[in-house]
$ cat start.csv   # CSV, C-alpha atoms
chain,number,residue,atom,x,y,z
S,245,MET,CA,25.5,-4.0,-12.1
S,246,LYS,CA,25.3,-4.6,-8.4
S,247,ILE,CA,21.8,-5.8,-7.3
S,248,ALA,CA,20.3,-5.9,-3.8
S,249,SER,CA,17.3,-8.3,-4.0
S,250,LEU,CA,14.7,-8.0,-1.3
S,251,VAL,CA,13.2,-11.4,-0.8
S,252,SER,CA,10.5,-12.1,1.7
S,253,GLY,CA,9.9,-15.8,1.2
S,254,GLY,CA,6.7,-15.3,-0.9
S,255,VAL,CA,6.4,-16.6,-4.4
S,256,ASP,CA,6.7,-13.2,-6.1
S,257,SER,CA,9.9,-12.0,-4.6
S,258,SER,CA,11.3,-15.6,-4.8
S,259,VAL,CA,10.9,-15.7,-8.5
S,260,THR,CA,12.9,-12.5,-9.0
S,261,VAL,CA,16.1,-14.3,-8.1
S,262,PRO,CA,16.1,-16.9,-11.0
S,263,LEU,CA,14.9,-14.1,-13.4
S,264,LEU,CA,17.8,-11.9,-12.4
S,265,LYS,CA,20.3,-14.8,-12.7
S,266,SER,CA,18.9,-15.6,-16.2
S,267,GLN,CA,20.0,-12.0,-17.1
S,268,GLY,CA,23.5,-12.7,-16.0
S,269,LEU,CA,23.1,-10.7,-12.8
S,270,ASP,CA,24.3,-11.9,-9.4
S,271,PRO,CA,21.9,-10.5,-6.8
S,272,HIS,CA,22.8,-10.1,-3.1
S,273,ILE,CA,19.7,-11.4,-1.3
S,274,PHE,CA,18.4,-9.5,1.8
S,275,TYR,CA,15.6,-10.5,4.1
S,276,ILE,CA,14.3,-7.6,6.1
S,277,ARG,CA,13.1,-8.4,9.5
S,278,ILE,CA,10.4,-5.9,10.3
S,279,GLY,CA,7.7,-8.1,11.9
S,280,MET,CA,6.5,-7.7,15.5
S,281,GLU,CA,7.2,-11.3,16.6
S,282,ASP,CA,9.3,-9.9,19.5
S,283,GLU,CA,6.3,-7.9,20.8
S,284,PRO,CA,4.5,-9.6,23.8
S,285,SER,CA,1.2,-11.1,22.7
S,286,PHE,CA,2.1,-10.8,19.1
S,287,SER,CA,4.5,-13.8,19.0
S,288,ASP,CA,2.2,-15.8,16.6
S,289,CYS,CA,3.8,-14.3,13.5
S,290,PRO,CA,7.3,-15.8,13.4
S,291,ALA,CA,9.6,-15.1,10.5
S,292,GLU,CA,11.4,-18.5,10.6
S,293,GLU,CA,9.5,-20.0,7.7
S,294,ASP,CA,10.2,-17.0,5.5
S,295,ILE,CA,13.9,-17.0,6.4
S,296,GLU,CA,14.1,-20.8,5.8
S,297,ILE,CA,12.7,-20.4,2.3
S,298,THR,CA,14.9,-17.3,1.5
S,299,THR,CA,18.0,-19.1,2.7
S,300,TRP,CA,17.2,-22.1,0.5
S,301,ILE,CA,16.8,-19.9,-2.5
S,302,ALA,CA,20.1,-18.1,-1.8
S,303,LYS,CA,21.9,-21.5,-1.6
S,304,LYS,CA,20.2,-22.8,-4.8
S,305,TYR,CA,21.3,-19.9,-6.9
S,306,GLY,CA,24.7,-19.3,-5.2
S,307,CYS,CA,23.8,-15.8,-3.9
S,308,LYS,CA,25.1,-13.9,-0.9
S,309,PHE,CA,22.5,-13.7,1.8
S,310,ASP,CA,22.0,-11.5,4.8
S,311,ILE,CA,19.2,-10.9,7.3
S,312,VAL,CA,18.9,-7.2,8.2
S,313,ASP,CA,16.9,-6.1,11.3
S,314,LEU,CA,14.9,-2.9,10.7
S,315,GLN,CA,12.4,-3.5,13.4
S,316,LYS,CA,13.3,-0.3,15.4
S,317,GLU,CA,13.2,1.8,12.2
S,318,TYR,CA,9.8,0.2,11.4
S,319,TRP,CA,8.4,1.0,14.8
S,320,ASP,CA,9.8,4.6,14.8
S,321,THR,CA,8.3,5.3,11.3
S,322,VAL,CA,5.6,3.1,9.9
S,323,VAL,CA,4.0,1.9,13.1
S,324,LYS,CA,4.2,5.4,14.7
S,325,TYR,CA,2.6,6.8,11.5
S,326,THR,CA,-0.2,4.2,11.7
S,327,ILE,CA,-1.0,4.9,15.4
S,328,ASP,CA,-0.8,8.7,15.0
S,329,THR,CA,-3.0,8.6,11.9
S,330,VAL,CA,-5.6,6.4,13.6
S,331,LYS,CA,-5.7,8.6,16.6
S,332,ALA,CA,-6.4,11.6,14.3
S,333,GLY,CA,-9.5,9.8,13.0
S,334,LEU,CA,-7.9,9.2,9.6
S,335,THR,CA,-7.4,6.0,7.6
S,336,PRO,CA,-3.7,5.0,7.4
S,337,ASN,CA,-1.9,3.0,4.7
S,338,PRO,CA,1.0,1.2,6.3
S,339,ASP,CA,1.9,-0.6,3.0
S,340,ILE,CA,2.5,2.7,1.1
S,341,MET,CA,4.7,3.9,4.0
S,342,CYS,CA,6.5,0.6,4.2
S,343,ASN,CA,7.8,1.1,0.7
S,344,LEU,CA,8.7,4.8,1.2
S,345,LEU,CA,10.3,4.6,4.6
S,346,ILE,CA,11.6,1.0,4.9
S,347,LYS,CA,12.1,-1.0,1.7
S,348,PHE,CA,13.4,1.9,-0.3
S,349,GLY,CA,14.2,4.2,2.6
S,350,ALA,CA,15.8,2.8,5.8
S,351,PHE,CA,17.2,-0.3,3.9
S,352,ARG,CA,18.9,1.8,1.2
S,353,ASP,CA,20.2,4.3,3.8
S,354,LYS,CA,21.8,1.6,5.9
S,355,TYR,CA,22.7,-1.1,3.3
S,356,GLY,CA,21.8,-0.2,-0.2
S,357,HIS,CA,24.1,2.6,-1.3
S,358,GLU,CA,26.7,0.2,-2.6
S,359,PHE,CA,24.1,-1.3,-5.0
S,360,ASP,CA,23.0,0.1,-8.3
S,361,LYS,CA,19.5,-1.2,-8.0
S,362,ILE,CA,17.1,-2.6,-5.3
S,363,THR,CA,14.7,-5.2,-6.6
S,364,THR,CA,11.4,-6.4,-5.1
S,365,GLY,CA,8.6,-8.7,-6.0
S,366,HIS,CA,6.2,-5.8,-6.7
S,367,TYR,CA,3.9,-6.1,-9.8
S,368,ALA,CA,5.1,-2.8,-11.4
S,369,SER,CA,7.5,-1.7,-14.1
S,370,THR,CA,9.6,1.3,-15.0
S,371,TYR,CA,10.6,2.9,-18.3
S,372,GLU,CA,13.1,5.5,-19.2
S,373,THR,CA,13.1,8.5,-21.6
S,374,ASP,CA,15.4,11.5,-21.9
S,375,GLU,CA,13.4,13.0,-19.0
S,376,GLY,CA,14.4,10.1,-16.7
S,377,ILE,CA,12.7,7.1,-15.2
S,378,PHE,CA,8.9,6.7,-14.9
S,379,LEU,CA,6.9,4.3,-12.9
S,380,SER,CA,4.7,2.1,-15.1
S,381,THR,CA,1.8,-0.3,-14.4
S,382,ALA,CA,2.4,-4.0,-14.5
S,383,LYS,CA,1.3,-6.4,-17.3
S,384,ASP,CA,-1.1,-8.1,-14.8
S,385,ARG,CA,-3.6,-5.3,-14.1
S,386,VAL,CA,-5.4,-7.3,-11.4
S,387,LYS,CA,-2.2,-7.7,-9.4
S,388,ASP,CA,-0.7,-4.3,-10.3
S,389,GLN,CA,0.9,-2.8,-7.2
S,390,THR,CA,1.8,0.7,-8.4
S,391,TYR,CA,-0.8,2.1,-6.0
S,392,PHE,CA,1.5,1.1,-3.1
S,393,LEU,CA,4.5,2.9,-4.8
S,394,GLY,CA,2.9,6.3,-5.4
S,395,GLN,CA,4.7,8.0,-2.6
S,396,ILE,CA,8.3,6.8,-3.2
S,397,THR,CA,10.8,9.6,-4.0
S,398,THR,CA,12.3,10.4,-7.3
S,399,GLU,CA,15.7,9.3,-6.0
S,400,GLN,CA,14.2,6.0,-4.8
S,401,LEU,CA,12.5,5.4,-8.2
S,402,ASN,CA,15.9,5.9,-9.9
S,403,HIS,CA,17.3,2.9,-8.0
S,404,VAL,CA,14.5,0.3,-8.2
S,405,MET,CA,13.9,-2.6,-10.5
S,406,PHE,CA,10.8,-4.8,-10.6
S,407,PRO,CA,11.8,-8.1,-12.3
S,408,ILE,CA,8.2,-9.6,-12.5
S,409,GLY,CA,6.4,-6.5,-13.8
S,410,HIS,CA,6.2,-8.0,-17.3
S,411,LEU,CA,4.6,-11.2,-16.0
S,412,GLU,CA,1.1,-12.2,-15.0
S,413,LYS,CA,0.6,-13.9,-11.7
S,414,LYS,CA,0.0,-17.3,-13.3
S,415,GLU,CA,3.3,-17.0,-15.1
S,416,VAL,CA,5.1,-16.3,-11.9
S,417,ARG,CA,3.5,-19.4,-10.3
S,418,ARG,CA,4.5,-21.4,-13.3
S,419,ILE,CA,8.1,-20.3,-13.1
S,420,ALA,CA,8.2,-21.1,-9.4
S,421,GLU,CA,6.9,-24.6,-10.1
S,422,GLU,CA,9.4,-25.2,-12.9
S,423,MET,CA,12.2,-24.0,-10.6
S,424,LYS,CA,10.8,-26.2,-7.8
S,425,LEU,CA,10.9,-23.2,-5.4
S,426,PRO,CA,9.4,-24.0,-2.0
S,427,SER,CA,7.3,-20.8,-2.2
S,428,ALA,CA,5.6,-22.0,-5.4
S,429,HIS,CA,2.3,-22.7,-3.8
S,430,ARG,CA,2.4,-20.4,-0.8
S,431,PRO,CA,-0.8,-18.3,-0.6
S,432,ASP,CA,-0.5,-14.5,-1.2
S,433,SER,CA,0.0,-12.5,1.9
S,434,GLN,CA,-3.3,-10.7,2.9
S,435,GLY,CA,-2.0,-8.9,6.0
S,436,ILE,CA,-0.8,-5.3,6.4
S,437,CYS,CA,3.0,-5.6,6.0
S,438,PHE,CA,4.0,-5.0,9.6
S,439,LEU,CA,1.1,-7.0,11.2
S,440,GLY,CA,1.6,-10.3,9.4
S,441,LYS,CA,-0.9,-12.7,11.0
S,442,ILE,CA,-2.0,-10.1,13.6
S,443,ASN,CA,-5.6,-8.9,13.5
S,444,TYR,CA,-5.7,-5.2,12.7
S,445,ASN,CA,-8.3,-4.4,15.3
S,446,ASP,CA,-6.4,-6.3,18.0
S,447,PHE,CA,-3.3,-4.1,17.1
S,448,ILE,CA,-5.3,-0.9,17.3
S,449,ARG,CA,-7.0,-2.0,20.6
S,450,LYS,CA,-3.6,-2.7,22.2
S,451,TYR,CA,-1.9,0.6,21.2
S,452,VAL,CA,-4.8,3.0,20.9
S,453,GLY,CA,-7.4,1.5,23.2
S,454,GLU,CA,-11.1,1.8,23.2
S,455,ARG,CA,-13.4,4.9,23.4
S,456,PRO,CA,-17.2,4.0,23.2
S,457,GLY,CA,-19.4,6.4,21.3
S,458,GLU,CA,-22.7,6.6,19.4
S,459,VAL,CA,-23.5,5.1,16.0
S,460,ILE,CA,-26.0,7.5,14.4
S,461,GLU,CA,-28.1,7.2,11.1
S,462,LEU,CA,-27.0,10.2,9.0
S,463,GLU,CA,-30.3,11.0,7.4
S,464,THR,CA,-32.5,10.8,10.6
S,465,GLY,CA,-30.2,11.4,13.5
S,466,ARG,CA,-31.5,8.2,15.1
S,467,VAL,CA,-29.0,6.5,17.5
S,468,LEU,CA,-28.6,2.9,16.3
S,469,GLY,CA,-26.0,1.6,18.7
S,470,GLU,CA,-22.5,2.0,20.1
S,471,HIS,CA,-19.0,1.7,18.7
S,472,LYS,CA,-15.8,1.0,20.6
S,473,GLY,CA,-13.8,3.9,19.1
S,474,PHE,CA,-14.0,5.8,15.8
S,475,TRP,CA,-10.5,4.6,15.0
S,476,PHE,CA,-11.9,1.0,14.4
S,477,HIS,CA,-14.0,2.3,11.5
S,478,THR,CA,-13.2,3.8,8.1
S,479,ILE,CA,-15.3,5.6,5.5
S,480,GLY,CA,-17.1,3.1,3.2
S,481,GLN,CA,-16.9,0.3,5.8
S,482,ARG,CA,-19.8,-2.2,5.6
S,483,ARG,CA,-18.9,-5.1,7.8
S,484,GLY,CA,-18.3,-5.2,11.5
S,485,LEU,CA,-20.8,-2.6,12.6
S,486,GLY,CA,-23.1,-5.0,14.5
S,487,LEU,CA,-26.3,-3.4,13.2
S,488,GLY,CA,-29.4,-5.2,12.1
S,489,GLY,CA,-31.6,-4.4,9.1
S,490,GLY,CA,-28.6,-3.5,6.9
S,491,PRO,CA,-26.5,-3.2,4.9
S,492,TRP,CA,-25.1,-0.2,6.8
S,493,PHE,CA,-22.2,1.9,5.5
S,494,VAL,CA,-19.9,4.2,7.5
S,495,VAL,CA,-20.3,7.6,5.7
S,496,LYS,CA,-19.0,10.1,8.1
S,497,LYS,CA,-17.0,10.5,11.4
S,498,ASP,CA,-17.2,13.3,13.9
S,499,ILE,CA,-13.9,13.0,15.6
S,500,GLU,CA,-14.5,15.7,18.3
S,501,ARG,CA,-17.8,14.1,19.4
S,502,ASN,CA,-16.7,10.5,18.8
S,503,ILE,CA,-19.7,9.8,16.6
S,504,ILE,CA,-19.9,7.3,13.7
S,505,TYR,CA,-22.5,8.2,11.1
S,506,VAL,CA,-23.9,5.4,9.0
S,507,SER,CA,-26.4,5.2,6.1
S,508,ASN,CA,-28.7,2.3,5.1
S,509,GLY,CA,-29.1,0.6,1.8
S,510,TYR,CA,-27.0,-1.2,-0.9
S,511,ASP,CA,-26.1,2.1,-2.5
S,512,PRO,CA,-26.8,5.0,-0.1
S,513,ILE,CA,-26.3,8.3,-1.8
S,514,ALA,CA,-24.6,9.6,1.3
S,515,GLN,CA,-21.5,7.5,0.7
S,516,TYR,CA,-20.9,8.9,-2.8
S,517,ASP,CA,-19.0,12.0,-3.9
S,518,ASP,CA,-17.3,13.2,-7.1
S,519,LYS,CA,-14.6,15.3,-5.4
S,520,VAL,CA,-11.4,13.9,-3.9
S,521,TRP,CA,-9.5,16.7,-2.0
S,522,LEU,CA,-5.7,16.2,-1.7
S,523,GLU,CA,-3.4,17.6,1.0
S,524,SER,CA,-0.7,18.0,-1.6
S,525,LEU,CA,0.5,16.4,-4.8
S,526,HIS,CA,3.7,14.3,-5.0
S,527,ILE,CA,5.1,13.8,-8.5
S,528,LEU,CA,7.3,10.8,-9.1
S,529,ASN,CA,9.2,12.3,-12.0
S,530,PRO,CA,9.4,16.1,-11.6
S,531,ASN,CA,11.6,16.4,-14.8
S,532,HIS,CA,8.4,16.0,-16.8
S,533,ASP,CA,6.2,19.1,-17.0
S,534,TYR,CA,2.8,18.2,-15.5
S,535,SER,CA,1.7,21.8,-15.0
S,536,GLY,CA,-1.0,21.5,-17.6
S,537,LEU,CA,-2.2,18.1,-16.5
S,538,SER,CA,-6.0,17.8,-16.5
S,539,ASP,CA,-7.4,14.6,-17.8
S,540,ILE,CA,-6.3,11.7,-15.6
S,541,LYS,CA,-7.2,8.3,-14.2
S,542,PHE,CA,-6.9,7.5,-10.6
S,543,LYS,CA,-7.4,5.0,-7.7
S,544,ILE,CA,-8.3,5.8,-4.1
S,545,ARG,CA,-7.6,2.2,-3.0
S,546,HIS,CA,-5.7,-0.8,-4.3
S,547,GLN,CA,-8.0,-2.3,-7.0
S,548,PRO,CA,-7.8,-3.3,-10.6
S,549,GLU,CA,-10.1,-0.6,-11.9
S,550,PHE,CA,-9.0,3.0,-12.9
S,551,THR,CA,-11.5,5.8,-12.5
S,552,PRO,CA,-11.4,8.7,-15.1
S,553,GLY,CA,-11.4,12.3,-13.8
S,554,LYS,CA,-9.8,15.7,-14.0
S,555,LEU,CA,-7.0,17.1,-11.8
S,556,VAL,CA,-8.1,20.6,-10.6
S,557,ARG,CA,-6.0,23.2,-9.1
S,558,ASP,CA,-7.7,26.4,-7.8
S,559,GLU,CA,-7.8,28.8,-4.9
S,560,ARG,CA,-9.2,26.2,-2.6
S,561,GLY,CA,-6.4,23.7,-3.3
S,562,ILE,CA,-5.9,20.5,-5.3
S,563,HIS,CA,-8.7,18.0,-5.9
S,564,ILE,CA,-9.7,15.3,-8.3
S,565,LEU,CA,-13.1,15.8,-10.0
S,566,SER,CA,-14.2,12.3,-10.8
S,567,ASP,CA,-16.2,11.6,-14.0
S,568,LYS,CA,-18.7,9.6,-11.8
S,569,LYS,CA,-19.5,9.7,-8.1
S,570,ILE,CA,-17.5,7.2,-6.1
S,571,SER,CA,-17.7,5.7,-2.6
S,572,GLY,CA,-15.3,5.1,0.2
S,573,ILE,CA,-13.3,8.4,0.0
S,574,ALA,CA,-11.4,8.0,3.2
S,575,PRO,CA,-9.3,11.0,4.5
S,576,GLY,CA,-5.8,9.8,5.3
S,577,GLN,CA,-5.7,7.3,2.5
S,578,PHE,CA,-4.0,8.1,-0.8
S,579,ALA,CA,-5.3,8.9,-4.2
S,580,VAL,CA,-2.8,7.7,-6.8
S,581,ILE,CA,-2.9,9.4,-10.2
S,582,TYR,CA,-2.2,7.8,-13.7
S,583,ASP,CA,-2.2,9.0,-17.3
S,584,THR,CA,-5.3,8.3,-19.3
S,585,GLU,CA,-3.6,5.4,-21.0
S,586,GLU,CA,-3.3,3.7,-17.6
S,587,ARG,CA,0.4,3.2,-18.3
S,588,THR,CA,2.3,5.8,-16.2
S,589,CYS,CA,1.8,6.3,-12.5
S,590,ILE,CA,2.3,10.1,-12.2
S,591,GLY,CA,2.2,10.5,-8.4
S,592,SER,CA,-0.1,10.7,-5.5
S,593,GLY,CA,-1.6,12.8,-2.7
S,594,MET,CA,-3.1,12.1,0.7
S,595,ILE,CA,-6.8,12.4,0.8
S,596,ALA,CA,-8.0,15.4,2.8
S,597,GLN,CA,-11.3,16.2,4.5
S,598,GLY,CA,-13.9,17.5,2.1
S,599,ARG,CA,-14.1,21.3,1.6

$ encode --input "start.csv" --output "structure tokens"
Amino acid sequence: MKIASLVSGGVDSSVTVPLLKSQGLDPHIFYIRIGMEDEPSFSDCPAEEDIEITTWIAKKYGCKFDIVDLQKEYWDTVVKYTIDTVKAGLTPNPDIMCNLLIKFGAFRDKYGHEFDKITTGHYASTYETDEGIFLSTAKDRVKDQTYFLGQITTEQLNHVMFPIGHLEKKEVRRIAEEMKLPSAHRPDSQGICFLGKINYNDFIRKYVGERPGEVIELETGRVLGEHKGFWFHTIGQRRGLGLGGGPWFVVKKDIERNIIYVSNGYDPIAQYDDKVWLESLHILNPNHDYSGLSDIKFKIRHQPEFTPGKLVRDERGIHILSDKKISGIAPGQFAVIYDTEERTCIGSGMIAQGR
């Protein structure tokens, strides 16, 4: 089996290499250059350390190694998507699009067709039945990253492999230490994939700009202050509002009038709802009949917890009816759907405005 192993220099993707070698496989290691270190004013996120570590791993295990430059493809797809989504007043998810459009998209289109599988350091798994391949949650439920894979295509799913999906994070660290990998004690990346060390608001300010508007209390209509642009704020946001007497939560945005509505309190009723409307529903394995699917679990953000609910299809469209009211339903983000056993990731849909 010919394996293309995507290694970023972090501990998770680094450990995939010795695991693959232990299975008798000989992965061809690729480092994808997608950062913005060539952008003026964003030169503080160099890839040199990542490349140095990945080169060291390739030499240690006798693997072929190539650096591939997908910066243009990244800018034309993921970055453009992010900017366009922000301008529309929605909340983007660049990490989901990075997997769909770059790691399993542009990379495979340009370099991956000669390989049977593409491996990454995602905490996820797959399993196969006579209906084909299904995406499954990882052993480590806290680190599980299937939320970020909910939009990949069926074709992409058929050609992926997740070597660390059966391990907990502490086991991955232990293997890295035993193998004396230079990434063993590197901290987990906290940034959006294309931003690296770049501050998100700095990025938005540079490419979208500022547009001052009013911050208004939803319940009273009282003007509390001014924001610098609705695109800097997302539904459910609590920090960075600059308002006293809080906590304050962003509960609504009026895009046309450039107004941010907030509500006060630790659990303001205004930020909760039990309906999550979806633009459409993307199914990862269409070979399985999900036409009667009703009882589900779901996530509207990357988190360990699953929320129970029902998938409803009616004349108004598709929505999730949550068993309990939830906060932070942000249009533009994604709702990822799972079976009730929390094993299979069924698919996902972009969250729409409430109807």

$ closest_residue --input "start.csv" --among "S:Val259, S:Ile278, S:Val556, S:Ile562" --to "Thr321 of chain S" --atoms "all atoms listed in the file"
S:Ile278

$ closest_residue --input "start.csv" --among "S:Pro338, S:Pro407, S:Gly486, S:Pro431" --to "Val255 of chain S" --atoms "all atoms listed in the file"
S:Pro431

$ atom_distance --input "start.csv" --atom1 "atom CA of His563 of chain S" --atom2 "atom CA of Tyr582 of chain S"
14.4 Å

$ residues_around --input "start.csv" --residues "segment 295-310 of chain S" --least-positions-apart "2" --cutoff "10 Å" --atoms "only C-alpha atoms" --output "PyMOL selection string"
chain S and resi 248-255+257-259+261-262+265+270-277+290-293+312-313+423+425-427

$ residues_around --input "start.csv" --residues "segment 585-589 of chain S" --least-positions-apart "4" --cutoff "7 Å" --atoms "only C-alpha atoms" --output "PyMOL selection string"
chain S and resi 378-381+390+541+581

$ residues_near_point --input "start.csv" --point "(8.7, 1.8, 4.3)" --cutoff "10 Å" --atoms "only C-alpha atoms" --output "MDAnalysis selection string"
chainID S and resid 278 317:318 321:323 338:351 396 437:438

$ closest_residue --input "start.csv" --among "S:Gly536, S:Gly553, S:Phe476, S:Asp256" --to "Thr329 of chain S" --atoms "all atoms listed in the file"
S:Phe476

$ atom_distance --input "start.csv" --atom1 "atom CA of Phe406 of chain S" --atom2 "atom CA of Ile362 of chain S"
8.5 Å

$ atom_distance --input "start.csv" --atom1 "atom CA of Leu555 of chain S" --atom2 "atom CA of Val494 of chain S"
26.6 Å

$ closest_atom_pairs --input "start.csv" --of "segment 403-463 of chain S" --to "segment 503-514 of chain S" --cutoff "7 Å" --atoms "all atoms listed in the file" --output "CSV"
residue,atom,partner,partner_atom,distance
S:Gly457,CA,S:Ile503,CA,5.8
S:Glu458,CA,S:Ile503,CA,5.2
S:Val459,CA,S:Ile504,CA,4.8
S:Ile460,CA,S:Tyr505,CA,4.9
S:Glu461,CA,S:Val506,CA,5.0
S:Leu462,CA,S:Tyr505,CA,5.4

$ write_last_selection --input "start.csv" --atoms "C-alpha atoms" --output "PDB file, keeping the file's coordinate frame"
ATOM      1  CA  GLY S 457     -19.400   6.400  21.300  1.00  0.00           C
ATOM      2  CA  GLU S 458     -22.700   6.600  19.400  1.00  0.00           C
ATOM      3  CA  VAL S 459     -23.500   5.100  16.000  1.00  0.00           C
ATOM      4  CA  ILE S 460     -26.000   7.500  14.400  1.00  0.00           C
ATOM      5  CA  GLU S 461     -28.100   7.200  11.100  1.00  0.00           C
ATOM      6  CA  LEU S 462     -27.000  10.200   9.000  1.00  0.00           C
TER       7      LEU S 462
END

$ closest_residue --input "start.csv" --among "S:Phe578, S:Thr584, S:Arg501, S:Asp518" --to "Leu565 of chain S" --atoms "all atoms listed in the file"
S:Asp518

$ residues_around --input "start.csv" --residues "Arg455 of chain S" --least-positions-apart "2" --cutoff "7 Å" --atoms "only C-alpha atoms" --output "PDB file with C-alpha atoms, keeping the file's coordinate frame"
ATOM      1  CA  GLY S 453      -7.400   1.500  23.200  1.00  0.00           C
ATOM      2  CA  GLY S 457     -19.400   6.400  21.300  1.00  0.00           C
ATOM      3  CA  LYS S 472     -15.800   1.000  20.600  1.00  0.00           C
ATOM      4  CA  GLY S 473     -13.800   3.900  19.100  1.00  0.00           C
TER       5      GLY S 473
END

$ closest_residue --input "start.csv" --among "S:Val404, S:Trp319, S:Asp328, S:Lys569" --to "Gly365 of chain S" --atoms "all atoms listed in the file"
S:Val404

$ closest_residue --input "start.csv" --among "S:Gly576, S:Pro456, S:Gly598, S:Gly268" --to "Ile247 of chain S" --atoms "only C-alpha atoms"
S:Gly268

$ residues_around --input "start.csv" --residues "Asn529 of chain S" --least-positions-apart "5" --cutoff "9 Å" --atoms "all atoms listed in the file" --output "number ranges by chain"
S: 375-379, 397-398, 401, 590-591

$ build_atoms --input "start.csv" --residues "segment 476-490 of chain S" --atoms "N, CA and C atoms" --output "CSV table (one decimal), keeping the file's coordinate frame"
chain,number,residue,atom,x,y,z
S,476,PHE,N,-11.6,2.4,14.9
S,476,PHE,CA,-11.9,1.0,14.4
S,476,PHE,C,-12.6,1.0,13.1
S,477,HIS,N,-13.1,2.2,12.6
S,477,HIS,CA,-14.0,2.3,11.5
S,477,HIS,C,-13.4,3.2,10.4
S,478,THR,N,-13.7,2.9,9.2
S,478,THR,CA,-13.2,3.8,8.1
S,478,THR,C,-14.4,4.1,7.1
S,479,ILE,N,-14.3,5.2,6.4
S,479,ILE,CA,-15.3,5.6,5.5
S,479,ILE,C,-15.5,4.5,4.4
S,480,GLY,N,-16.8,4.1,4.2
S,480,GLY,CA,-17.1,3.1,3.2
S,480,GLY,C,-17.2,1.7,3.8
S,481,GLN,N,-16.9,1.6,5.1
S,481,GLN,CA,-16.9,0.3,5.8
S,481,GLN,C,-18.3,-0.2,5.8
S,482,ARG,N,-18.5,-1.5,5.6
S,482,ARG,CA,-19.8,-2.2,5.6
S,482,ARG,C,-19.9,-3.2,6.7
S,483,ARG,N,-18.8,-4.0,6.9
S,483,ARG,CA,-18.9,-5.1,7.8
S,483,ARG,C,-18.4,-4.7,9.2
S,484,GLY,N,-18.8,-5.4,10.2
S,484,GLY,CA,-18.3,-5.2,11.5
S,484,GLY,C,-19.0,-4.1,12.3
S,485,LEU,N,-20.1,-3.7,11.9
S,485,LEU,CA,-20.8,-2.6,12.6
S,485,LEU,C,-21.8,-3.1,13.6
S,486,GLY,N,-22.2,-4.4,13.5
S,486,GLY,CA,-23.1,-5.0,14.5
S,486,GLY,C,-24.5,-4.4,14.5
S,487,LEU,N,-25.0,-4.0,13.3
S,487,LEU,CA,-26.3,-3.4,13.2
S,487,LEU,C,-27.2,-4.3,12.4
S,488,GLY,N,-28.4,-4.4,12.9
S,488,GLY,CA,-29.4,-5.2,12.1
S,488,GLY,C,-30.1,-4.4,11.0
S,489,GLY,N,-30.8,-5.0,10.1
S,489,GLY,CA,-31.6,-4.4,9.1
S,489,GLY,C,-30.7,-3.7,8.0
S,490,GLY,N,-29.5,-4.2,7.8
S,490,GLY,CA,-28.6,-3.5,6.9
S,490,GLY,C,-28.9,-3.9,5.4
